[in-house]
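Q: File name protein.cif; file contents mmCIF, C-alpha atoms; full text below.
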data_target
loop_
_atom_site.label_atom_id
_atom_site.label_comp_id
_atom_site.auth_asym_id
_atom_site.auth_seq_id
_atom_site.Cartn_x
_atom_site.Cartn_y
_atom_site.Cartn_z
CA MET Z 1291 166.94 131.30 133.81
CA HIS Z 1292 165.99 134.54 135.55
CA SER Z 1293 164.72 136.11 132.32
CA LYS Z 1294 162.63 133.00 131.57
CA MET Z 1295 161.01 133.21 135.02
CA ASN Z 1296 160.23 136.88 134.45
CA ALA Z 1297 158.64 136.06 131.12
CA VAL Z 1298 156.50 133.35 132.72
CA LEU Z 1299 155.45 135.73 135.49
CA LYS Z 1300 154.47 138.36 132.93
CA VAL Z 1301 152.31 135.83 131.08
CA ILE Z 1302 150.61 134.77 134.34
CA ILE Z 1303 149.99 138.39 135.34
CA CYS Z 1304 148.61 139.21 131.89
CA LEU Z 1305 146.30 136.21 131.94
CA ALA Z 1306 145.07 137.07 135.42
CA PHE Z 1307 144.51 140.68 134.43
CA SER Z 1308 142.68 139.62 131.27
CA GLY Z 1309 140.49 137.30 133.33
CA LEU Z 1310 139.69 140.14 135.71
CA ILE Z 1311 138.79 142.43 132.82
CA MET Z 1312 136.60 139.74 131.23
CA GLY Z 1313 134.93 139.05 134.58
CA CYS Z 1314 134.17 142.74 135.05
CA SER Z 1315 132.94 142.95 131.47
CA ASN Z 1316 130.59 139.97 131.96
CA THR Z 1317 129.26 141.43 135.21
CA GLU Z 1318 128.65 144.79 133.56
CA GLU Z 1319 126.94 143.07 130.63
CA LYS Z 1320 124.59 141.29 133.04
CA MET Z 1321 123.91 144.59 134.81
CA ASN Z 1322 122.89 146.11 131.50
CA ARG Z 1323 120.63 143.33 130.25
CA THR Z 1324 117.18 144.63 129.39
CA ALA Z 1325 113.72 143.17 128.99
CA SER Z 1326 114.24 143.10 125.23
CA ASP Z 1327 117.35 140.96 125.77
CA ILE Z 1328 115.77 138.38 128.04
CA LEU Z 1329 112.11 138.08 127.01
CA GLY Z 1330 111.72 135.41 124.36
CA ASN Z 1331 115.24 134.15 125.04
CA SER Z 1332 115.17 130.43 125.85
CA ASN Z 1333 118.35 130.87 127.91
CA TYR Z 1334 116.24 132.98 130.29
CA LEU Z 1335 113.31 130.79 131.27
CA ALA Z 1336 110.56 132.50 133.26
CA MET Z 1337 108.41 131.41 136.20
CA SER Z 1338 105.62 132.80 138.35
CA TYR Z 1339 106.64 132.93 141.99
CA GLY Z 1340 105.03 133.54 145.35
CA GLY Z 1341 107.05 131.55 147.86
CA TYR Z 1342 104.41 131.48 150.59
CA ARG Z 1343 104.84 128.16 152.40
CA TYR Z 1344 101.89 128.04 154.78
CA ALA Z 1345 98.10 128.02 154.68
CA ASP Z 1346 98.27 131.24 156.70
CA HIS Z 1347 99.04 133.94 154.13
CA ASP Z 1348 100.22 136.27 156.89
CA ILE Z 1349 103.36 134.16 157.35
CA GLU Z 1350 105.81 135.84 155.01
CA PRO Z 1351 108.71 133.93 153.42
CA THR Z 1352 111.97 134.91 155.11
CA LEU Z 1353 115.03 136.23 153.29
CA ASP Z 1354 116.75 132.87 153.73
CA GLU Z 1355 113.71 131.03 152.36
CA LEU Z 1356 113.55 133.37 149.36
CA LYS Z 1357 117.26 132.80 148.67
CA GLU Z 1358 116.74 129.04 148.99
CA ASP Z 1359 113.99 129.19 146.37
CA MET Z 1360 115.97 131.38 143.97
CA LYS Z 1361 118.87 128.92 144.07
CA LEU Z 1362 116.52 126.05 143.27
CA LEU Z 1363 114.96 127.91 140.34
CA SER Z 1364 118.34 129.04 139.05
CA ALA Z 1365 119.48 125.40 139.09
CA ILE Z 1366 116.82 124.52 136.47
CA GLY Z 1367 117.53 127.49 134.23
CA ILE Z 1368 114.92 129.95 135.54
CA LYS Z 1369 116.30 133.48 135.32
CA ILE Z 1370 113.15 135.63 135.40
CA VAL Z 1371 110.49 135.43 138.11
CA ARG Z 1372 107.14 137.18 138.26
CA THR Z 1373 105.60 138.71 141.39
CA TYR Z 1374 102.06 140.02 141.82
CA LYS Z 1375 101.74 142.69 144.48
CA VAL Z 1376 103.82 145.08 146.55
CA HIS Z 1377 101.52 145.81 149.51
CA ARG Z 1378 103.02 142.81 151.33
CA PRO Z 1379 106.74 142.46 152.12
CA GLN Z 1380 107.32 139.51 149.77
CA ALA Z 1381 108.25 141.46 146.62
CA ALA Z 1382 110.62 143.89 148.33
CA ASN Z 1383 112.19 141.05 150.30
CA LEU Z 1384 112.62 138.99 147.15
CA LEU Z 1385 114.50 141.83 145.49
CA GLN Z 1386 116.69 142.18 148.57
CA ALA Z 1387 117.34 138.41 148.55
CA ILE Z 1388 118.37 138.44 144.88
CA HIS Z 1389 120.55 141.50 145.51
CA GLU Z 1390 122.38 139.68 148.32
CA LEU Z 1391 122.80 136.54 146.22
CA LYS Z 1392 124.38 138.64 143.48
CA GLU Z 1393 126.72 140.26 145.97
CA GLN Z 1394 127.82 136.81 147.14
CA ASP Z 1395 128.16 135.52 143.58
CA PRO Z 1396 128.49 138.12 140.79
CA GLY Z 1397 127.68 135.35 138.28
CA PHE Z 1398 124.22 134.78 139.76
CA GLU Z 1399 121.43 135.99 137.44
CA MET Z 1400 117.80 136.48 138.35
CA TYR Z 1401 115.50 139.19 137.03
CA VAL Z 1402 112.02 140.21 138.12
CA MET Z 1403 108.73 141.11 136.48
CA LEU Z 1404 107.30 143.25 139.28
CA GLY Z 1405 103.53 143.25 139.63
CA ALA Z 1406 101.30 146.06 140.89
CA TRP Z 1407 97.93 144.75 142.06
CA ILE Z 1408 94.97 146.67 140.65
CA ASP Z 1409 91.40 146.59 142.00
CA CYS Z 1410 88.11 148.36 141.44
CA LYS Z 1411 86.38 150.44 144.12
CA ASN Z 1412 84.89 148.31 146.93
CA ALA Z 1413 86.82 145.21 145.83
CA TRP Z 1414 86.96 142.43 148.42
CA THR Z 1415 84.45 144.19 150.70
CA ASP Z 1416 80.82 143.61 151.55
CA LYS Z 1417 79.91 146.54 149.30
CA GLU Z 1418 78.97 146.23 145.64
CA PRO Z 1419 82.13 146.44 143.48
CA ASP Z 1420 82.15 149.47 141.19
CA HIS Z 1421 84.03 148.29 138.10
CA ASN Z 1422 84.09 151.76 136.57
CA ILE Z 1423 85.99 153.38 139.45
CA GLU Z 1424 89.35 152.20 140.72
CA SER Z 1425 90.37 151.44 144.28
CA GLU Z 1426 92.21 154.09 146.29
CA ALA Z 1427 94.84 151.40 146.96
CA ASN Z 1428 95.99 151.36 143.33
CA ALA Z 1429 98.08 154.54 143.41
CA PRO Z 1430 100.24 153.37 146.34
CA GLN Z 1431 100.81 150.07 144.50
CA ILE Z 1432 102.10 151.92 141.45
CA GLU Z 1433 104.31 154.26 143.46
CA GLU Z 1434 105.87 151.34 145.33
CA THR Z 1435 106.65 149.52 142.09
CA VAL Z 1436 108.35 152.69 140.82
CA ARG Z 1437 110.39 152.95 144.01
CA LEU Z 1438 111.48 149.32 143.86
CA ALA Z 1439 112.27 149.47 140.15
CA ASN Z 1440 114.54 152.44 140.78
CA GLN Z 1441 116.13 150.84 143.84
CA TYR Z 1442 116.95 147.61 141.96
CA PRO Z 1443 117.38 148.60 138.28
CA ASP Z 1444 119.71 145.65 137.68
CA ILE Z 1445 116.96 143.21 138.76
CA VAL Z 1446 113.56 144.72 137.90
CA LYS Z 1447 113.17 144.65 134.13
CA ILE Z 1448 109.37 144.64 133.73
CA ILE Z 1449 106.42 146.20 135.55
CA ALA Z 1450 103.00 144.58 135.15
CA VAL Z 1451 100.01 146.78 135.92
CA GLY Z 1452 97.41 144.40 137.33
CA ASN Z 1453 96.90 140.66 137.27
CA GLU Z 1454 93.74 139.42 135.54
CA ALA Z 1455 92.40 142.86 136.42
CA MET Z 1456 90.28 143.31 133.28
CA VAL Z 1457 88.73 139.88 132.76
CA LYS Z 1458 85.04 140.03 133.56
CA TRP Z 1459 84.83 136.76 135.47
CA ALA Z 1460 87.02 138.40 138.15
CA ALA Z 1461 83.76 139.77 139.51
CA SER Z 1462 85.17 140.74 142.91
CA TYR Z 1463 87.67 143.26 141.60
CA TYR Z 1464 87.95 143.74 137.83
CA VAL Z 1465 88.38 147.22 136.34
CA GLN Z 1466 87.67 148.63 132.91
CA PRO Z 1467 90.64 148.81 130.49
CA GLY Z 1468 90.78 152.59 130.94
CA VAL Z 1469 92.08 152.17 134.48
CA ILE Z 1470 94.97 149.98 133.31
CA LEU Z 1471 95.60 152.35 130.42
CA LYS Z 1472 95.86 155.27 132.85
CA TRP Z 1473 98.63 153.64 134.87
CA VAL Z 1474 100.50 152.19 131.89
CA THR Z 1475 100.54 155.67 130.35
CA TYR Z 1476 101.75 157.14 133.65
CA LEU Z 1477 104.66 154.71 133.82
CA GLN Z 1478 105.55 155.27 130.16
CA GLU Z 1479 105.69 159.01 130.88
CA LEU Z 1480 108.09 158.37 133.77
CA LYS Z 1481 110.35 156.56 131.32
CA LYS Z 1482 110.29 159.56 128.98
CA THR Z 1483 111.24 161.98 131.78
CA GLY Z 1484 114.01 159.76 133.10
CA GLU Z 1485 112.20 158.93 136.35
CA LEU Z 1486 112.22 155.29 135.29
CA SER Z 1487 114.73 153.49 133.10
CA LYS Z 1488 113.91 153.84 129.41
CA ASP Z 1489 114.69 150.13 129.04
CA LEU Z 1490 112.07 149.03 131.57
CA TRP Z 1491 109.16 147.32 129.83
CA ILE Z 1492 105.59 148.06 130.92
CA THR Z 1493 102.68 145.67 130.44
CA SER Z 1494 99.54 144.31 132.05
CA SER Z 1495 99.16 140.58 132.64
CA ASP Z 1496 95.70 139.31 131.84
CA ASN Z 1497 93.53 136.53 130.52
CA PHE Z 1498 93.62 136.00 126.74
CA ALA Z 1499 90.00 137.17 126.50
CA SER Z 1500 90.90 140.55 127.98
CA TRP Z 1501 93.51 141.11 125.27
CA GLY Z 1502 90.91 140.82 122.51
CA GLY Z 1503 90.85 137.04 122.25
CA GLY Z 1504 87.40 136.87 123.86
CA GLY Z 1505 84.02 138.18 122.88
CA SER Z 1506 83.06 141.57 121.49
CA GLU Z 1507 82.40 142.92 124.99
CA TYR Z 1508 86.18 143.20 125.35
CA HIS Z 1509 86.72 144.98 122.03
CA VAL Z 1510 86.56 148.55 123.29
CA ASP Z 1511 88.52 151.65 122.36
CA ASP Z 1512 90.45 151.76 125.63
CA LEU Z 1513 91.70 148.21 125.06
CA ASN Z 1514 92.99 149.21 121.64
CA LYS Z 1515 94.75 152.21 123.17
CA LEU Z 1516 96.20 149.96 125.88
CA ILE Z 1517 97.59 147.56 123.30
CA GLU Z 1518 99.29 150.57 121.68
CA ALA Z 1519 100.63 151.77 125.05
CA VAL Z 1520 102.23 148.61 126.45
CA ASP Z 1521 105.68 147.44 125.45
CA TYR Z 1522 104.39 143.90 125.05
CA ILE Z 1523 101.27 141.85 125.75
CA SER Z 1524 101.36 139.45 128.69
CA MET Z 1525 98.50 136.98 128.17
CA HIS Z 1526 97.24 134.06 130.24
CA THR Z 1527 95.93 130.75 128.93
CA TYR Z 1528 94.52 128.02 131.18
CA PRO Z 1529 93.28 124.96 129.30
CA MET Z 1530 93.12 123.11 132.63
CA HIS Z 1531 90.29 125.33 133.83
CA ASP Z 1532 88.50 124.93 130.53
CA THR Z 1533 88.38 121.16 130.93
CA HIS Z 1534 85.40 122.09 133.12
CA TYR Z 1535 84.21 125.45 131.82
CA ASN Z 1536 84.66 124.93 128.07
CA PRO Z 1537 85.48 121.24 127.66
CA GLN Z 1538 84.73 120.48 124.01
CA PHE Z 1539 88.46 119.93 123.32
CA TRP Z 1540 89.07 117.68 126.31
CA GLY Z 1541 87.30 114.33 126.11
CA VAL Z 1542 88.46 111.12 124.48
CA THR Z 1543 87.20 111.16 120.89
CA GLU Z 1544 85.40 108.30 119.20
CA LYS Z 1545 88.52 107.54 117.14
CA GLU Z 1546 90.60 107.31 120.31
CA GLU Z 1547 88.36 104.91 122.22
CA SER Z 1548 90.36 101.88 121.06
CA LEU Z 1549 93.66 103.33 122.33
CA SER Z 1550 95.32 102.29 125.57
CA ASP Z 1551 94.69 104.48 128.62
CA SER Z 1552 98.20 105.92 128.33
CA GLU Z 1553 97.68 106.77 124.66
CA LYS Z 1554 94.33 108.40 125.42
CA ILE Z 1555 95.96 110.66 128.01
CA ASP Z 1556 98.85 111.57 125.73
CA ALA Z 1557 96.45 112.40 122.88
CA ALA Z 1558 94.32 114.58 125.17
CA MET Z 1559 97.36 116.55 126.33
CA LEU Z 1560 98.40 117.22 122.72
CA ARG Z 1561 94.91 118.65 122.14
CA VAL Z 1562 95.45 120.76 125.24
CA LYS Z 1563 98.61 122.19 123.72
CA ASP Z 1564 96.72 123.03 120.53
CA TYR Z 1565 93.98 124.66 122.61
CA ALA Z 1566 96.50 126.95 124.35
CA ILE Z 1567 98.00 127.84 120.98
CA SER Z 1568 94.53 128.69 119.65
CA GLN Z 1569 94.03 131.16 122.52
CA TYR Z 1570 97.39 132.77 121.77
CA GLU Z 1571 96.41 133.02 118.11
CA SER Z 1572 93.08 134.64 119.01
CA VAL Z 1573 95.00 137.45 120.73
CA ALA Z 1574 97.57 137.73 117.95
CA ASN Z 1575 94.79 137.98 115.35
CA TYR Z 1576 92.98 140.68 117.29
CA VAL Z 1577 96.14 142.74 117.76
CA LYS Z 1578 96.84 142.44 114.04
CA SER Z 1579 93.25 143.38 113.19
CA ILE Z 1580 93.66 146.78 114.86
CA GLY Z 1581 96.91 147.41 112.99
CA VAL Z 1582 99.31 146.91 115.90
CA ASP Z 1583 102.53 144.91 115.94
CA LYS Z 1584 103.52 144.04 119.52
CA PRO Z 1585 105.39 141.10 121.08
CA ILE Z 1586 103.19 138.62 122.91
CA HIS Z 1587 104.47 136.51 125.81
CA ILE Z 1588 102.69 134.10 128.13
CA GLY Z 1589 102.24 135.80 131.49
CA GLU Z 1590 100.69 132.71 133.05
CA THR Z 1591 99.74 129.18 132.26
CA GLY Z 1592 99.86 126.05 134.38
CA TRP Z 1593 98.32 122.74 135.33
CA ALA Z 1594 97.58 121.59 138.87
CA THR Z 1595 98.82 118.21 140.06
CA ALA Z 1596 95.88 117.46 142.36
CA SER Z 1597 92.26 118.50 142.78
CA ASN Z 1598 89.32 117.47 144.94
CA ASP Z 1599 87.10 119.97 143.15
CA LEU Z 1600 86.00 120.60 139.57
CA PHE Z 1601 89.09 119.10 137.94
CA GLY Z 1602 89.54 115.92 139.97
CA ALA Z 1603 88.16 112.40 139.92
CA ASP Z 1604 84.58 113.60 140.37
CA GLY Z 1605 85.01 116.39 137.81
CA SER Z 1606 86.88 116.65 134.52
CA ARG Z 1607 89.61 114.22 135.67
CA ALA Z 1608 92.28 116.68 134.54
CA CYS Z 1609 94.54 117.15 137.54
CA ASP Z 1610 97.32 114.72 138.30
CA GLU Z 1611 101.07 114.84 138.23
CA TYR Z 1612 101.57 113.00 134.96
CA LYS Z 1613 99.33 115.35 132.96
CA SER Z 1614 100.88 118.36 134.67
CA GLY Z 1615 104.34 117.13 133.67
CA LEU Z 1616 103.25 116.67 130.06
CA TYR Z 1617 101.71 120.14 129.99
CA TYR Z 1618 104.89 121.70 131.37
CA LYS Z 1619 107.01 120.01 128.71
CA HIS Z 1620 104.59 120.80 125.85
CA THR Z 1621 104.34 124.43 126.92
CA ARG Z 1622 108.08 124.93 127.22
CA GLU Z 1623 108.62 123.33 123.80
CA TRP Z 1624 105.96 125.49 122.15
CA THR Z 1625 106.99 128.82 123.66
CA ASN Z 1626 110.73 128.22 123.20
CA GLU Z 1627 110.21 127.31 119.55
CA LYS Z 1628 107.99 130.37 119.12
CA GLY Z 1629 110.53 132.69 120.75
CA MET Z 1630 108.15 133.61 123.57
CA SER Z 1631 108.70 133.80 127.29
CA CYS Z 1632 106.36 131.76 129.47
CA PHE Z 1633 105.97 132.72 133.12
CA TYR Z 1634 104.84 129.24 134.03
CA PHE Z 1635 102.50 129.08 137.01
CA GLU Z 1636 104.05 128.23 139.29
CA ALA Z 1637 107.33 127.43 140.99
CA PHE Z 1638 106.16 126.02 144.35
CA ASP Z 1639 102.84 124.88 145.77
CA GLU Z 1640 101.26 127.60 147.90
CA PRO Z 1641 98.81 126.21 150.50
CA TRP Z 1642 97.19 129.60 151.21
CA LYS Z 1643 95.59 129.77 147.78
CA ASP Z 1644 92.68 127.63 149.00
CA GLY Z 1645 93.54 127.56 152.67
CA LYS Z 1646 90.24 126.06 153.83
CA ASN Z 1647 90.46 123.20 151.35
CA PRO Z 1648 93.93 121.58 151.33
CA GLY Z 1649 92.95 119.33 148.41
CA GLY Z 1650 91.84 122.24 146.23
CA SER Z 1651 93.56 122.60 142.87
CA GLU Z 1652 94.73 126.17 143.57
CA ASN Z 1653 97.13 124.81 146.20
CA HIS Z 1654 98.86 122.41 143.80
CA PHE Z 1655 100.14 124.29 140.77
CA GLY Z 1656 103.84 124.13 141.73
CA ILE Z 1657 106.49 122.10 139.95
CA PHE Z 1658 107.89 121.61 143.48
CA ASN Z 1659 105.75 120.82 146.48
CA VAL Z 1660 106.06 122.81 149.70
CA ASP Z 1661 108.72 120.53 151.17
CA GLY Z 1662 110.86 120.55 148.06
CA LYS Z 1663 109.85 117.33 146.34
CA ALA Z 1664 110.45 117.72 142.61
CA LYS Z 1665 107.27 116.79 140.75
CA TYR Z 1666 107.26 114.74 137.56
CA ALA Z 1667 107.72 117.80 135.34
CA ILE Z 1668 111.29 118.22 136.61
CA TRP Z 1669 112.40 114.72 137.57
CA GLU Z 1670 115.14 114.90 134.96
CA PHE Z 1671 116.89 117.65 136.91
CA VAL Z 1672 117.15 115.40 139.96
CA ASP Z 1673 118.82 112.79 137.75
CA GLN Z 1674 121.24 115.44 136.49
CA GLY Z 1675 122.28 116.32 140.05
CA VAL Z 1676 121.55 120.04 139.70
CA PHE Z 1677 120.00 120.13 143.20
CA ASP Z 1678 122.97 118.59 144.97
CA GLY Z 1679 123.64 120.62 148.11
CA LEU Z 1680 120.33 122.49 147.82
CA SER Z 1681 117.25 122.03 149.99
CA ARG Z 1682 113.83 123.38 150.93
CA ASN Z 1683 112.43 123.30 154.46
CA ASN Z 1684 115.62 121.41 155.39
CA ASN Z 1685 114.76 118.64 152.94
CA PRO Z 1686 117.04 117.57 150.09
CA ILE Z 1687 115.39 117.72 146.68
CA THR Z 1688 114.16 114.28 145.66
CA LYS Z 1689 111.57 112.99 143.20
CA SER Z 1690 107.90 112.70 144.04
CA TYR Z 1691 106.60 109.12 144.09
CA GLY Z 1692 110.16 108.09 144.92
CA GLY Z 1693 110.82 108.36 141.21
CA ASP Z 1694 108.52 105.40 140.50
CA LEU Z 1695 106.93 106.27 137.14
CA GLN Z 1696 104.55 103.33 137.23
CA ALA Z 1697 103.25 104.35 140.65
CA LEU Z 1698 102.69 107.86 139.29
CA LYS Z 1699 100.87 106.54 136.21
CA ASP Z 1700 98.68 104.35 138.40
CA GLN Z 1701 97.33 107.59 139.90
CA THR Z 1702 96.73 109.16 136.47
CA MET Z 1703 93.11 109.61 135.38
CA VAL Z 1704 91.84 108.99 131.85
CA PRO Z 1705 89.72 111.90 130.56
CA PRO Z 1706 86.01 111.18 130.07
CA LEU Z 1707 84.64 110.27 126.67
CA SER Z 1708 83.82 113.35 124.61
CA ASN Z 1709 80.17 112.29 124.26
CA GLU Z 1710 79.88 112.21 128.06
CA ILE Z 1711 80.95 115.86 128.45
CA THR Z 1712 78.55 118.74 128.80
CA THR Z 1713 79.59 122.38 128.91
CA SER Z 1714 79.53 123.83 132.42
CA ASN Z 1715 79.15 127.42 133.54
#
Would you mind giving the structure from this file in structure tokens?

A:
Amino acid sequence: MHSKMNAVLKVIICLAFSGLIMGCSNTEEKMNRTASDILGNSNYLAMSYGGYRYADHDIEPTLDELKEDMKLLSAIGIKIVRTYKVHRPQAANLLQAIHELKEQDPGFEMYVMLGAWIDCKNAWTDKEPDHNIESEANAPQIEETVRLANQYPDIVKIIAVGNEAMVKWAASYYVQPGVILKWVTYLQELKKTGELSKDLWITSSDNFASWGGGGSEYHVDDLNKLIEAVDYISMHTYPMHDTHYNPQFWGVTEKEESLSDSEKIDAAMLRVKDYAISQYESVANYVKSIGVDKPIHIGETGWATASNDLFGADGSRACDEYKSGLYYKHTREWTNEKGMSCFYFEAFDEPWKDGKNPGGSENHFGIFNVDGKAKYAIWEFVDQGVFDGLSRNNNPITKSYGGDLQALKDQTMVPPLSNEITTSN
């Protein structure tokens, strides 16, 4: 009897020890995951994230609020988030919040694409922007991203130099590609000398046009050198904006006029998906044309759920929650099938984006609203119970519209007829 008990105890001890070893091994494996492991991996969905909850942009999200948001995103399979700037506390605080969540739960996974904001000289001032000279604020942005990447190497896996910093419609601040090239090259050199992890991926996140998918004005030598220098291309595509600015793809076609309203909307959103794919292909074709083979991932795309401006009832009739939900699903299906990451824009509504106009589309890109209501795009997760025990602003996570699909569809706008649309500038 005694020998049998000893044998049982040995088995229990061995199993426990094996479990400990496996747990340590899994934790170490997560510590060592690189950008090449997680980008394009559908088990590591990506999302753009700000977390600012108020119309006053000076009110920073607290550590507890950042943790609350990371738990909500983790619950729906998001494991990579993208930030935009480091001159405010948000990015550093987010990294601290993720670090503390990992300390509390070694199984918690969340990685960061850390953005450095890049401007031209005189950006956002009353002086004329000089697009050929960079802002003095750029160097401190880069140095802070380096510091944070080295402080949190288990979390920061990507650095993005600039956000829509080269696209020429960003008239207040855009720079020439040579400025981005300078900083990408600098960061790549730090990797070579061991001052940054060799596994850290460096990119710039910009509109598809800026990556060669636009007109010949973008096809300059410094862009070609930049494409060579980055580890991957992070491109943006926004069909929602083009329902106003370049709307030929958007309206109900003559063949579709006999369809029901619901069928017209569904058909339009499939054309939207094809439009986004065409912008991706325009970049891929340009990159191929200059003899380069680089991964391409979607650094941003999204669809607002409300608009009292160009995309609302008095405009292109694009923005409502049903269309936004369809776009989210179409985009995830396309990018997952293609083996691309998509940093969908964005996780939560941010009222500061158009603080003087609460109904403006820029405030309503989230898949959650400010108070934690899950919008149509993610209703299924409420049904699955993944938010049980989680909250935002002290509110449990429930469905928008009370989960009433018909009520949601009653607020959905049918796109205009294609022959009623004129191109706007």

Q: Could you state the separation of atom CA of Ile1687 of chain Z and atom CA of Ala1345 of chain Z in Å, given to one decimal place?

A: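 These two atoms are separated by 21.7 Å.
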
Q: Excluding segment 1478-1488 of chain Z and any residue of its chain fewer than 4 positions from it, enumerate the residues within 9 Å of it, using all atoms listed in the file, and give them as a PDB file with C-alpha atoms, keeping the file's coordinate frame.

A:
ATOM      1  CA  VAL Z1436     108.350 152.690 140.820  1.00  0.00           C
ATOM      2  CA  ALA Z1439     112.270 149.470 140.150  1.00  0.00           C
ATOM      3  CA  ASN Z1440     114.540 152.440 140.780  1.00  0.00           C
ATOM      4  CA  PRO Z1443     117.380 148.600 138.280  1.00  0.00           C
ATOM      5  CA  TRP Z1473      98.630 153.640 134.870  1.00  0.00           C
ATOM      6  CA  VAL Z1474     100.500 152.190 131.890  1.00  0.00           C
ATOM      7  CA  ILE Z1492     105.590 148.060 130.920  1.00  0.00           C
ATOM      8  CA  ALA Z1519     100.630 151.770 125.050  1.00  0.00           C
ATOM      9  CA  VAL Z1520     102.230 148.610 126.450  1.00  0.00           C
TER      10      VAL Z1520
END

Q: Quick one: distance from atom CA of Ala1406 of chain Z to atom CA of Met1360 of chain Z in Å, one decimal?

A: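 Here the two named atoms are 21.0 Å from each other.
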
Q: Could you tell me which of Z:Glu1611, Z:Glu1426, Z:Asp1678, Z:Glu1710 comes closest to Ile1657 of chain Z if we count all atoms listed in the file?

A: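 Comparing Z:Glu1611, Z:Glu1426, Z:Asp1678, Z:Glu1710 against Ile1657 of chain Z, the winner is Z:Glu1611.
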
Q: Can you measure atom CA of Val1465 of chain Z to atom CA of Trp1593 of chain Z for me? One decimal in Å is fine.

A: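 According to the coordinates, atom CA of Val1465 of chain Z and atom CA of Trp1593 of chain Z are separated by 26.4 Å.
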
Q: Nearest to Phe1658 of chain Z among Z:Trp1407, Z:Tyr1565, Z:Tyr1339, Z:Phe1539, with distances taken over all atoms listed in the file: which residue is it?

A: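 That would be Z:Tyr1339, the residue with the smallest distance to Phe1658 of chain Z.
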
Q: Using the chain letters and numbers from this file, what does the PyMOL selection byres ((chain Z and resi 1385) around 12) select? Give the answer as a ChimeraX atom specification.

A: /Z:1353,1356-1357,1360,1370-1373,1376,1379-1384,1386-1392,1400-1404,1435,1437-1447

Q: Would you list the contacts of segment 1621-1633 of chain Z as a list in words, taking every protein, DNA or RNA residue within 7 Å and counting only C-alpha atoms, but skipping same-chain residues closer than 5 positions in sequence?

A: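 The contact residues come out as Leu1329, Gly1330, Asn1331, Ser1332, Leu1335, Ala1336, Met1337, Ser1338, Arg1372, Lys1563, His1587, Ile1588, Gly1589 and Glu1590 of chain Z.
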
Q: When distances are computed from all atoms listed in the file, which of Z:Gly1468, Z:Gly1340, Z:Pro1351, Z:Pro1706 shows the smallest separation from Val1542 of chain Z?

A: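 Of Z:Gly1468, Z:Gly1340, Z:Pro1351, Z:Pro1706, the one nearest Val1542 of chain Z, counting all atoms listed in the file, is Z:Pro1706.
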
Q: List the residues matched by the PyMOL selection byres ((chain Z and resi 1408-1424) around 10) in the displayed structure as a PyMOL selection string, ordered by chain and then by residue number.

A: chain Z and resi 1374-1375+1405-1407+1425-1429+1431-1432+1450-1456+1458+1461-1470+1473

Q: Identify, on the basis of only C-alpha atoms, every residue whose closest approach to Leu1695 of chain Z does not exceed 12 Å; exclude the query and any residue fewer than 6 positions from it along the same chain; express the result as JSON, numbers by chain.

A: {"Z": [1611, 1612, 1615, 1665, 1666, 1667, 1669, 1689, 1701, 1702]}

Q: Pick from Z:Phe1677, Z:Trp1501, Z:Thr1527, Z:Glu1544: nearest to Asn1575 of chain Z, with all atoms listed in the file counted?

A: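 Going through Z:Phe1677, Z:Trp1501, Z:Thr1527, Z:Glu1544 one by one, the smallest distance to Asn1575 of chain Z is for Z:Trp1501.
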
Q: Apply the PyMOL selection byres ((chain Z and resi 1595-1603) around 9) to the structure shown and report the selected residues as a VMD selection string.

A: chain Z and resid 1530 to 1531 1533 to 1534 1593 to 1594 1604 to 1615 1647 to 1657 1665 1703
